[in-house]
$ cat data21.cif   # mmCIF, C-alpha atoms
data_coords
#
loop_
_atom_site.label_atom_id
_atom_site.label_comp_id
_atom_site.auth_asym_id
_atom_site.auth_seq_id
_atom_site.Cartn_x
_atom_site.Cartn_y
_atom_site.Cartn_z
CA ARG A 1 93.82 181.81 72.25
CA GLN A 2 91.12 184.37 73.07
CA ARG A 3 89.59 183.78 69.63
CA GLN A 4 89.42 180.01 70.28
CA MET A 5 87.66 180.57 73.59
CA CYS A 6 85.13 182.89 71.92
CA ILE A 7 84.42 180.23 69.29
CA ARG A 8 83.93 177.58 72.00
CA ASP A 9 81.66 179.92 73.90
CA ARG A 10 79.55 180.53 70.81
CA TYR A 11 79.23 176.82 70.01
CA GLY A 12 78.43 176.09 73.67
CA ARG A 13 75.59 178.60 73.66
CA GLU A 14 74.29 177.22 70.37
CA ALA A 15 74.29 173.64 71.74
CA LEU A 16 72.40 174.82 74.81
CA ARG A 17 69.85 176.71 72.69
CA LEU A 18 69.22 173.72 70.41
CA SER A 19 68.82 171.30 73.32
CA GLU A 20 66.24 173.65 74.88
CA GLU A 21 64.37 173.99 71.58
CA LEU A 22 64.27 170.20 71.22
CA GLY A 23 63.00 169.89 74.79
CA ASP A 24 65.58 167.16 75.42
CA LEU A 25 66.41 167.40 79.14
CA ARG A 26 69.31 164.97 78.90
CA LEU A 27 70.99 167.05 76.19
CA GLN A 28 70.29 170.19 78.23
CA SER A 29 72.08 168.71 81.24
CA ILE A 30 75.08 167.66 79.12
CA SER A 31 75.22 171.09 77.43
CA CYS A 32 75.08 172.92 80.78
CA ARG A 33 77.80 170.68 82.25
CA LEU A 34 80.13 171.18 79.28
CA PHE A 35 79.39 174.91 79.19
CA GLY A 36 80.16 175.11 82.91
CA GLY A 37 83.41 173.24 82.32
CA LEU A 38 84.34 175.73 79.61
CA TYR A 39 83.79 178.66 81.99
CA ASN A 40 85.83 176.87 84.66
CA TYR A 41 88.61 176.40 82.09
CA MET A 42 88.41 180.15 81.34
CA SER A 43 88.74 180.80 85.11
CA LEU A 44 85.20 182.25 85.24
CA ILE A 45 84.42 180.24 88.35
CA ASP A 46 81.02 181.71 89.29
CA SER A 47 79.64 181.27 85.76
CA GLY A 48 81.00 177.74 85.64
CA ARG A 49 79.35 176.85 88.95
CA PHE A 50 76.02 178.32 87.77
CA TYR A 51 75.82 176.13 84.65
CA LYS A 52 77.09 173.02 86.44
CA SER A 53 74.47 173.48 89.17
CA LYS A 54 71.83 173.80 86.46
CA ALA A 55 73.12 170.56 84.90
CA LEU A 56 72.86 168.83 88.29
CA LYS A 57 69.28 170.01 88.80
CA ILE A 58 68.23 168.50 85.47
CA ALA A 59 70.17 165.26 86.06
CA LEU A 60 68.50 164.85 89.46
CA GLN A 61 65.12 165.51 87.86
CA LEU A 62 65.82 162.72 85.34
CA ASN A 63 67.45 160.51 88.00
CA ASP A 64 69.99 159.60 85.32
CA SER A 65 72.71 157.42 86.84
CA LEU A 66 75.09 158.07 83.92
CA LEU A 67 74.72 161.85 83.96
CA LEU A 68 74.91 162.33 87.73
CA PRO A 69 78.52 161.13 88.33
CA SER A 70 79.84 163.45 85.60
CA VAL A 71 77.97 166.45 86.99
CA TYR A 72 78.98 165.75 90.59
CA ASN A 73 82.60 165.30 89.48
CA ASN A 74 82.55 168.60 87.56
CA LEU A 75 81.11 170.47 90.54
CA GLY A 76 83.84 168.90 92.68
CA VAL A 77 86.48 170.37 90.36
CA THR A 78 84.95 173.84 90.76
CA SER A 79 84.87 173.58 94.57
CA GLN A 80 88.41 172.25 94.67
CA THR A 81 89.66 175.07 92.44
CA VAL A 82 88.51 177.70 94.95
CA GLY A 83 89.81 175.71 97.95
CA SER A 84 86.47 174.40 99.27
CA TYR A 85 87.79 170.89 99.92
CA VAL A 86 84.95 169.59 102.09
CA GLU A 87 82.45 170.55 99.42
CA ALA A 88 84.69 169.05 96.70
CA LEU A 89 85.00 165.74 98.55
CA ASN A 90 81.25 165.70 99.04
CA TYR A 91 80.68 165.99 95.27
CA TYR A 92 83.44 163.47 94.42
CA TYR A 93 82.13 160.97 96.95
CA MET A 94 78.61 161.23 95.52
CA ALA A 95 80.06 160.66 92.03
CA TYR A 96 82.01 157.66 93.35
CA LEU A 97 78.97 156.08 95.05
CA ILE A 98 77.02 156.12 91.79
CA SER A 99 79.77 155.34 89.28
CA ARG A 100 81.20 152.31 91.11
CA LYS A 101 77.90 150.49 90.45
CA LYS A 102 77.95 151.27 86.73
CA SER A 103 80.33 149.19 84.64
CA GLU A 104 79.52 151.34 81.58
CA TYR A 105 80.63 154.51 83.36
CA LYS A 106 84.28 154.98 82.36
CA SER A 107 85.28 158.00 84.47
CA LEU A 108 85.79 156.26 87.81
CA PRO A 109 89.62 156.59 87.56
CA THR A 110 89.22 160.36 87.08
CA ILE A 111 87.00 160.63 90.16
CA LEU A 112 89.52 158.63 92.23
CA ALA A 113 92.38 160.80 90.95
CA ASN A 114 90.44 163.93 91.90
CA ILE A 115 89.83 162.54 95.41
CA SER A 116 93.58 161.87 95.63
CA GLU A 117 94.31 165.48 94.69
CA VAL A 118 91.98 166.82 97.40
CA TYR A 119 93.78 164.73 100.01
CA TYR A 120 97.07 166.05 98.66
CA ASP A 121 95.79 169.62 99.12
CA LEU A 122 94.81 168.68 102.67
CA LYS A 123 98.33 167.26 103.28
CA GLU A 124 96.84 163.80 103.88
CA TYR A 125 99.50 162.17 101.71
CA ASP A 126 98.89 158.51 102.62
CA SER A 127 95.28 158.82 101.48
CA ALA A 128 96.39 160.72 98.37
CA ILE A 129 98.81 157.91 97.46
CA LYS A 130 96.15 155.23 98.08
CA TYR A 131 93.55 156.79 95.77
CA ALA A 132 96.15 157.63 93.09
CA ASN A 133 97.42 154.04 93.05
CA THR A 134 93.84 152.75 92.76
CA ALA A 135 93.24 155.04 89.78
CA ILE A 136 96.52 153.89 88.18
CA SER A 137 95.58 150.22 88.61
CA LEU A 138 92.26 150.84 86.86
CA THR A 139 94.05 152.40 83.87
CA LYS A 140 97.05 150.05 83.64
CA ASN A 141 95.90 148.87 80.20
CA ARG A 142 95.43 152.47 79.01
CA THR A 143 98.76 154.07 79.87
CA LYS A 144 98.61 156.68 77.11
CA THR A 145 95.35 158.26 78.22
CA SER A 146 94.64 161.45 80.14
CA GLN A 147 93.12 159.40 82.99
CA HIS A 148 96.33 157.42 83.52
CA LEU A 149 98.51 160.54 83.31
CA LEU A 150 96.28 162.40 85.77
CA ALA A 151 96.60 159.55 88.30
CA LYS A 152 100.38 159.48 87.82
CA ILE A 153 100.59 163.25 88.36
CA ASP A 154 98.69 162.91 91.64
CA LEU A 155 100.96 160.07 92.76
CA ALA A 156 104.10 162.01 91.81
CA LYS A 157 102.95 165.10 93.74
CA ALA A 158 102.27 163.01 96.85
CA MET A 159 105.68 161.32 96.50
CA LEU A 160 107.34 164.74 96.25
CA ALA A 161 105.46 165.94 99.34
CA THR A 162 106.77 162.94 101.30
CA ARG A 163 110.30 163.65 99.99
CA LYS A 164 110.57 160.53 97.87
CA TYR A 165 112.44 162.51 95.26
CA GLU A 166 113.69 159.69 93.03
CA GLU A 167 110.25 158.08 92.69
CA ALA A 168 108.66 161.48 92.04
CA ALA A 169 111.26 162.44 89.42
CA LEU A 170 110.80 159.15 87.55
CA LEU A 171 107.04 159.67 87.45
CA PHE A 172 107.32 163.28 86.26
CA HIS A 173 109.76 162.35 83.46
CA SER A 174 107.55 159.45 82.41
CA ILE A 175 104.54 161.80 82.19
CA ILE A 176 106.50 164.28 80.05
CA GLU A 177 107.59 161.51 77.68
CA ILE A 178 104.08 160.05 77.25
CA GLY A 179 102.39 163.47 77.22
CA ASN A 180 104.63 164.70 74.39
CA GLU A 181 104.08 161.47 72.45
CA VAL A 182 100.26 161.64 72.60
CA LYS A 183 100.14 165.47 72.53
CA LEU A 184 98.55 165.97 75.95
CA LYS A 185 100.11 169.35 76.63
CA ARG A 186 98.37 169.96 79.96
CA TYR A 187 99.96 166.92 81.63
CA VAL A 188 103.38 167.86 80.28
CA ALA A 189 102.87 171.26 81.93
CA TYR A 190 101.85 169.64 85.23
CA ALA A 191 104.98 167.47 85.17
CA HIS A 192 107.32 170.40 84.43
CA GLN A 193 105.76 172.30 87.33
CA GLY A 194 106.32 169.28 89.58
CA LEU A 195 109.96 169.00 88.50
CA GLY A 196 110.38 172.74 89.10
CA ARG A 197 109.22 172.34 92.68
CA LEU A 198 111.32 169.19 93.17
CA ASN A 199 114.50 170.85 91.89
CA ASN A 200 113.83 173.89 94.06
CA GLU A 201 113.59 171.66 97.14
CA ILE A 202 116.87 169.87 96.42
CA GLY A 203 118.69 173.15 95.64
CA GLU A 204 118.90 172.82 91.83
CA ILE A 205 117.88 176.43 91.21
CA ARG A 206 118.82 176.57 87.51
CA LEU A 207 116.93 173.37 86.67
CA SER A 208 113.97 174.53 88.74
CA SER A 209 113.81 177.81 86.83
CA GLN A 210 113.97 175.97 83.47
CA ASN A 211 111.14 173.63 84.45
CA LEU A 212 108.93 176.43 85.76
CA LYS A 213 109.53 178.52 82.61
CA GLN A 214 108.47 175.58 80.45
CA ALA A 215 105.37 175.02 82.60
CA HIS A 216 104.51 178.75 82.43
CA LEU A 217 104.87 178.72 78.63
CA LEU A 218 102.55 175.69 78.28
CA PHE A 219 99.91 177.03 80.67
CA THR A 220 100.00 180.38 78.84
CA GLU A 221 99.36 178.55 75.55
CA LEU A 222 96.48 176.73 77.25
CA GLY A 223 95.13 180.02 78.63
CA ASP A 224 94.79 178.57 82.14
CA GLN A 225 94.89 181.56 84.50
CA ALA A 226 94.60 179.43 87.64
CA TYR A 227 97.81 177.53 86.90
CA ILE A 228 99.58 180.64 85.65
CA ALA A 229 98.91 182.18 89.10
CA GLU A 230 100.27 179.01 90.71
CA ILE A 231 103.43 179.01 88.57
CA LEU A 232 104.07 182.70 89.34
CA SER A 233 103.78 181.84 93.04
CA ASP A 234 106.30 179.01 92.51
CA PHE A 235 108.65 181.53 90.88
CA GLY A 236 108.17 183.80 93.89
CA TYR A 237 109.28 181.06 96.28
CA LEU A 238 112.20 180.13 94.01
CA TYR A 239 113.51 183.70 93.73
CA SER A 240 113.01 184.41 97.44
CA LYS A 241 116.31 182.53 97.92
CA ILE A 242 118.30 184.51 95.34
CA ASP A 243 116.57 187.77 94.36
CA GLN A 244 113.95 189.15 96.72
CA ASP A 245 112.93 192.05 94.46
CA SER A 246 112.07 189.60 91.66
CA ALA A 247 110.33 187.35 94.17
CA LEU A 248 108.17 190.28 95.25
CA LEU A 249 107.18 191.04 91.63
CA PHE A 250 106.22 187.40 90.94
CA CYS A 251 104.32 187.20 94.20
CA ARG A 252 102.27 190.35 93.59
CA GLU A 253 101.44 189.31 90.02
CA SER A 254 100.31 185.89 91.22
CA LEU A 255 98.27 187.46 94.02
CA LYS A 256 96.54 189.80 91.57
CA ILE A 257 95.40 186.91 89.33
CA ALA A 258 94.45 184.69 92.29
CA GLN A 259 92.30 187.41 93.86
CA GLU A 260 90.57 188.14 90.54
CA ILE A 261 89.49 184.51 90.05
CA LYS A 262 89.05 183.73 93.76
CA LEU A 263 91.78 181.11 94.28
CA THR A 264 91.94 180.97 98.07
CA ASP A 265 94.92 178.59 98.23
CA ILE A 266 97.11 180.70 95.96
CA VAL A 267 96.11 183.89 97.78
CA LEU A 268 97.18 182.26 101.05
CA LEU A 269 100.51 181.12 99.59
CA ASN A 270 101.25 184.63 98.36
CA TYR A 271 100.30 186.27 101.67
CA GLU A 272 102.63 183.84 103.40
CA LEU A 273 105.47 184.68 101.01
CA LEU A 274 104.82 188.43 101.30
CA ILE A 275 105.07 188.19 105.08
CA GLN A 276 108.35 186.31 104.67
CA LEU A 277 109.72 188.88 102.20
CA PHE A 278 108.53 191.92 104.17
CA GLY A 279 110.24 190.55 107.22
CA THR A 280 113.60 190.73 105.43
CA THR A 281 113.26 193.91 103.34
CA ASN A 282 112.83 197.60 104.13
CA VAL A 283 109.04 197.62 103.98
CA THR A 284 107.06 199.37 106.69
CA GLN A 285 105.78 197.31 109.58
CA ASP A 286 102.26 198.58 108.81
CA SER A 287 102.36 196.73 105.47
CA LEU A 288 103.70 193.59 107.11
CA TRP A 289 101.01 193.71 109.78
CA SER A 290 98.31 194.27 107.13
CA TYR A 291 99.35 191.18 105.16
CA TYR A 292 99.69 189.17 108.34
CA LEU A 293 96.11 190.03 109.39
CA LYS A 294 94.76 189.16 105.93
CA TYR A 295 96.69 185.90 105.97
CA ARG A 296 95.45 184.88 109.42
CA GLU A 297 91.83 185.79 108.60
CA LEU A 298 91.82 183.83 105.34
CA GLU A 299 93.72 180.88 106.83
CA SER A 300 91.29 180.69 109.76
CA LYS A 301 88.29 180.79 107.44
CA GLN A 302 89.65 178.03 105.20
CA SER A 303 90.82 175.95 108.15
CA GLN A 304 87.35 175.97 109.72
CA GLU A 305 85.85 174.78 106.46
CA ASN A 306 88.46 172.19 105.57
CA ASN A 307 89.64 170.70 108.87
CA LEU A 308 89.71 166.93 109.04
CA ASN A 309 86.93 166.76 111.61
CA SER A 310 84.67 168.47 109.11
CA ILE A 311 85.67 165.97 106.46
CA GLU A 312 85.06 163.03 108.76
CA GLY A 313 81.73 164.56 109.69
CA MET A 314 80.89 165.04 106.05
CA PHE A 315 81.67 161.41 105.19
CA SER A 316 79.77 160.28 108.27
CA LYS A 317 76.78 162.34 107.26
CA ILE A 318 76.82 160.99 103.71
CA LYS A 319 77.10 157.42 104.98
CA GLU A 320 74.29 157.99 107.47
CA GLU A 321 72.11 159.39 104.69
CA ASP A 322 73.01 156.43 102.48
CA ILE A 323 72.16 153.97 105.27
CA ARG A 324 68.97 155.85 106.09
CA ARG A 325 67.97 155.78 102.42
CA ARG A 326 68.63 152.04 102.23
CA LEU A 327 66.69 151.42 105.43
CA THR A 328 63.79 153.48 104.07
CA ILE A 329 63.81 151.45 100.88
CA SER A 330 64.05 148.19 102.86
CA SER A 331 61.22 149.32 105.15
CA ALA A 332 59.08 150.22 102.14
CA LYS A 333 59.78 146.83 100.60
CA LEU A 334 58.90 145.09 103.86
CA ASP A 335 55.65 147.09 104.09
CA GLN A 336 54.85 146.17 100.51
CA GLU A 337 55.61 142.50 101.17
CA ARG A 338 53.52 142.63 104.38
CA ILE A 339 50.57 144.14 102.49
CA GLN A 340 50.93 141.54 99.76
CA ALA A 341 51.07 138.75 102.35
CA GLN A 342 48.01 140.11 104.13
CA PHE A 343 46.21 140.35 100.77
CA PHE A 344 47.00 136.74 99.91
CA ILE A 345 45.97 135.59 103.40
CA ALA A 346 42.68 137.47 103.02
CA ILE A 347 42.10 135.82 99.63
CA ALA A 348 42.91 132.43 101.12
CA VAL A 349 40.51 132.99 104.05
CA ILE A 350 37.72 134.14 101.71
CA THR A 351 38.35 131.14 99.45
CA ILE A 352 38.22 128.72 102.40
CA LEU A 353 35.04 130.34 103.71
CA GLY A 354 33.52 130.10 100.27
CA ILE A 355 34.39 126.42 100.05
CA VAL A 356 32.93 125.79 103.53
CA LEU A 357 29.69 127.65 102.72
CA ILE A 358 29.33 125.82 99.41
CA SER A 359 29.95 122.53 101.19
CA ILE A 360 27.32 123.31 103.84
CA TYR A 361 24.86 124.37 101.12
CA TYR A 362 25.32 121.15 99.19
CA ARG A 363 24.93 119.08 102.33
CA LYS A 364 21.65 120.83 103.14
CA GLN A 365 20.46 120.28 99.58
CA SER A 366 21.38 116.61 99.78
CA ARG A 367 19.44 116.16 103.04
CA LEU A 368 16.42 117.98 101.60
CA GLY A 369 16.47 115.70 98.58
CA TYR A 370 16.71 112.65 100.80
CA HIS A 371 13.68 113.73 102.88
CA LEU A 372 11.70 114.49 99.73
CA LYS A 373 12.49 111.05 98.41
CA LEU A 374 11.24 109.46 101.66
CA SER A 375 8.03 111.50 101.51
CA LEU A 376 7.37 110.34 97.96
CA ILE A 377 7.87 106.71 98.99
CA HIS A 378 5.26 107.02 101.78
CA ILE A 379 2.83 108.62 99.35
#
$ encode --input "data21.cif" --output "structure tokens"
Amino acid sequence: RQRQMCIRDRYGREALRLSEELGDLRLQSISCRLFGGLYNYMSLIDSGRFYKSKALKIALQLNDSLLLPSVYNNLGVTSQTVGSYVEALNYYYMAYLISRKKSEYKSLPTILANISEVYYDLKEYDSAIKYANTAISLTKNRTKTSQHLLAKIDLAKAMLATRKYEEAALLFHSIIEIGNEVKLKRYVAYAHQGLGRLNNEIGEIRLSSQNLKQAHLLFTELGDQAYIAEILSDFGYLYSKIDQDSALLFCRESLKIAQEIKLTDIVLLNYELLIQLFGTTNVTQDSLWSYYLKYRELESKQSQENNLNSIEGMFSKIKEEDIRRRLTISSAKLDQERIQAQFFIAIAVITILGIVLISIYYRKQSRLGYHLKLSLIHI
């Protein structure tokens, strides 16, 4: 797996070098975005954000309406991965505003599914279900695609969160069936993780363990450290009911990975579980208090950033900026039309004056000719 990632890294750098040599800004933006996505996939979040930001800078410079939604969407994924939901929604919303006007842009379902997932993370399940269903409706004729499976995963997770277990289970099993058929391993892994959580909630410990083991195996094959950390945390919560020593091992391993790649959500989950475990085992109160303080500090920091008021304010701000931009454009158009109207009026006035002056001139010439004629007659 490591060898594959090294090969991808080498080809990514080569693509970036060639695009720079060619001086093709559009290719540079695409190369930076894909390279950033590769780093994100490798859980090198800071490097991924750097290249995606570079891709955005170039796309904005080109004002390319096909490049911009992809870059904004990719930056949203990075922000969402580290738990910065307000920032993620900002990027996704910008991608949505542009892509909805472009019939040739085919990634709108992915953007809607990503928005659904952010609302799921924020525990706004009605909104999560709404956006997931919209994404599903847009891909109803492409049921064996990653876009459709992603939307179904988001819907299934929201159904599970609202304790609609039967609907969630049907969706997860459907995803596994289609994912295996079309060899989309990642979505099969997502579905097994979802079933693991579902079975844990309804008390099916053995089934939950089987599902989580399968998900862990698939994510290990994919080399996705972020989801491996999440699965280990799921194991920690599962074993907290039956074997607290094992739960503690899973929790600490998950916490180690999450801290290394800066996954705020998973760090929080593990602090919460550690507090729960330390409250029921023979660990010193100093350790418990230390984890509690870390948990409260991190939770407070994330809460301030991701509270719903902030999200509403963010959407309000974006809408205000959009309205202000439209008003500016409308005002500029009105000014242009006013100048054009004034120009045409001026031309008309000058033309009329010219006609009047010419008319007066000809009249004077006619009278002069008449008087000359009379003078010649008298002579």
$ atom_distance --input "data21.cif" --atom1 "CA of Ala191 (chain A)" --atom2 "CA of Ile175 (chain A)"
6.4 Å
$ resolve_selection --input "data21.cif" --expression "the PyMOL selection byres ((chain A and resi 162) around 12)" --output "PDB file with C-alpha atoms, in the frame of the given file"
ATOM      1  CA  TYR A 120      97.070 166.050  98.660  1.00  0.00           C
ATOM      2  CA  LYS A 123      98.330 167.260 103.280  1.00  0.00           C
ATOM      3  CA  GLU A 124      96.840 163.800 103.880  1.00  0.00           C
ATOM      4  CA  TYR A 125      99.500 162.170 101.710  1.00  0.00           C
ATOM      5  CA  ASP A 126      98.890 158.510 102.620  1.00  0.00           C
ATOM      6  CA  ALA A 128      96.390 160.720  98.370  1.00  0.00           C
ATOM      7  CA  ILE A 129      98.810 157.910  97.460  1.00  0.00           C
ATOM      8  CA  LEU A 155     100.960 160.070  92.760  1.00  0.00           C
ATOM      9  CA  ALA A 156     104.100 162.010  91.810  1.00  0.00           C
ATOM     10  CA  LYS A 157     102.950 165.100  93.740  1.00  0.00           C
ATOM     11  CA  ALA A 158     102.270 163.010  96.850  1.00  0.00           C
ATOM     12  CA  MET A 159     105.680 161.320  96.500  1.00  0.00           C
ATOM     13  CA  LEU A 160     107.340 164.740  96.250  1.00  0.00           C
ATOM     14  CA  ALA A 161     105.460 165.940  99.340  1.00  0.00           C
ATOM     15  CA  ARG A 163     110.300 163.650  99.990  1.00  0.00           C
ATOM     16  CA  LYS A 164     110.570 160.530  97.870  1.00  0.00           C
ATOM     17  CA  TYR A 165     112.440 162.510  95.260  1.00  0.00           C
ATOM     18  CA  GLU A 166     113.690 159.690  93.030  1.00  0.00           C
ATOM     19  CA  GLU A 167     110.250 158.080  92.690  1.00  0.00           C
ATOM     20  CA  ALA A 168     108.660 161.480  92.040  1.00  0.00           C
ATOM     21  CA  LEU A 198     111.320 169.190  93.170  1.00  0.00           C
ATOM     22  CA  GLU A 201     113.590 171.660  97.140  1.00  0.00           C
TER      23      GLU A 201
END
$ closest_residue --input "data21.cif" --among "A:Ala55, A:Ser47, A:Thr143, A:Val77" --to "Leu27 (chain A)" --atoms "all atoms listed in the file"
A:Ala55
$ atom_distance --input "data21.cif" --atom1 "CA of Ala229 (chain A)" --atom2 "CA of Ile136 (chain A)"
28.4 Å
$ closest_residue --input "data21.cif" --among "A:Leu122, A:Ile242, A:Ile202, A:Ile257" --to "Gln225 (chain A)" --atoms "only C-alpha atoms"
A:Ile257
$ closest_residue --input "data21.cif" --among "A:Arg197, A:Arg100, A:His173, A:Lys106" --to "Leu238 (chain A)" --atoms "all atoms listed in the file"
A:Arg197
$ resolve_selection --input "data21.cif" --expression "the PyMOL selection byres ((chain A and resi 145-149) around 10)" --output "number ranges by chain"
A: 106-113, 132, 135-144, 150-155, 171-172, 174-176, 178-179, 182, 184, 186-188, 190-191
$ resolve_selection --input "data21.cif" --expression "the PyMOL selection byres ((chain A and resi 249) around 12)" --output "NGL selection string"
:A and (232-233 or 235-237 or 239-240 or 243-248 or 250-256 or 270 or 273-274 or 277)
$ closest_residue --input "data21.cif" --among "A:Gly83, A:Tyr93, A:Ile58, A:Arg206" --to "Gly23 (chain A)" --atoms "all atoms listed in the file"
A:Ile58
$ atom_distance --input "data21.cif" --atom1 "CA of Asp46 (chain A)" --atom2 "CA of Gly194 (chain A)"
28.2 Å
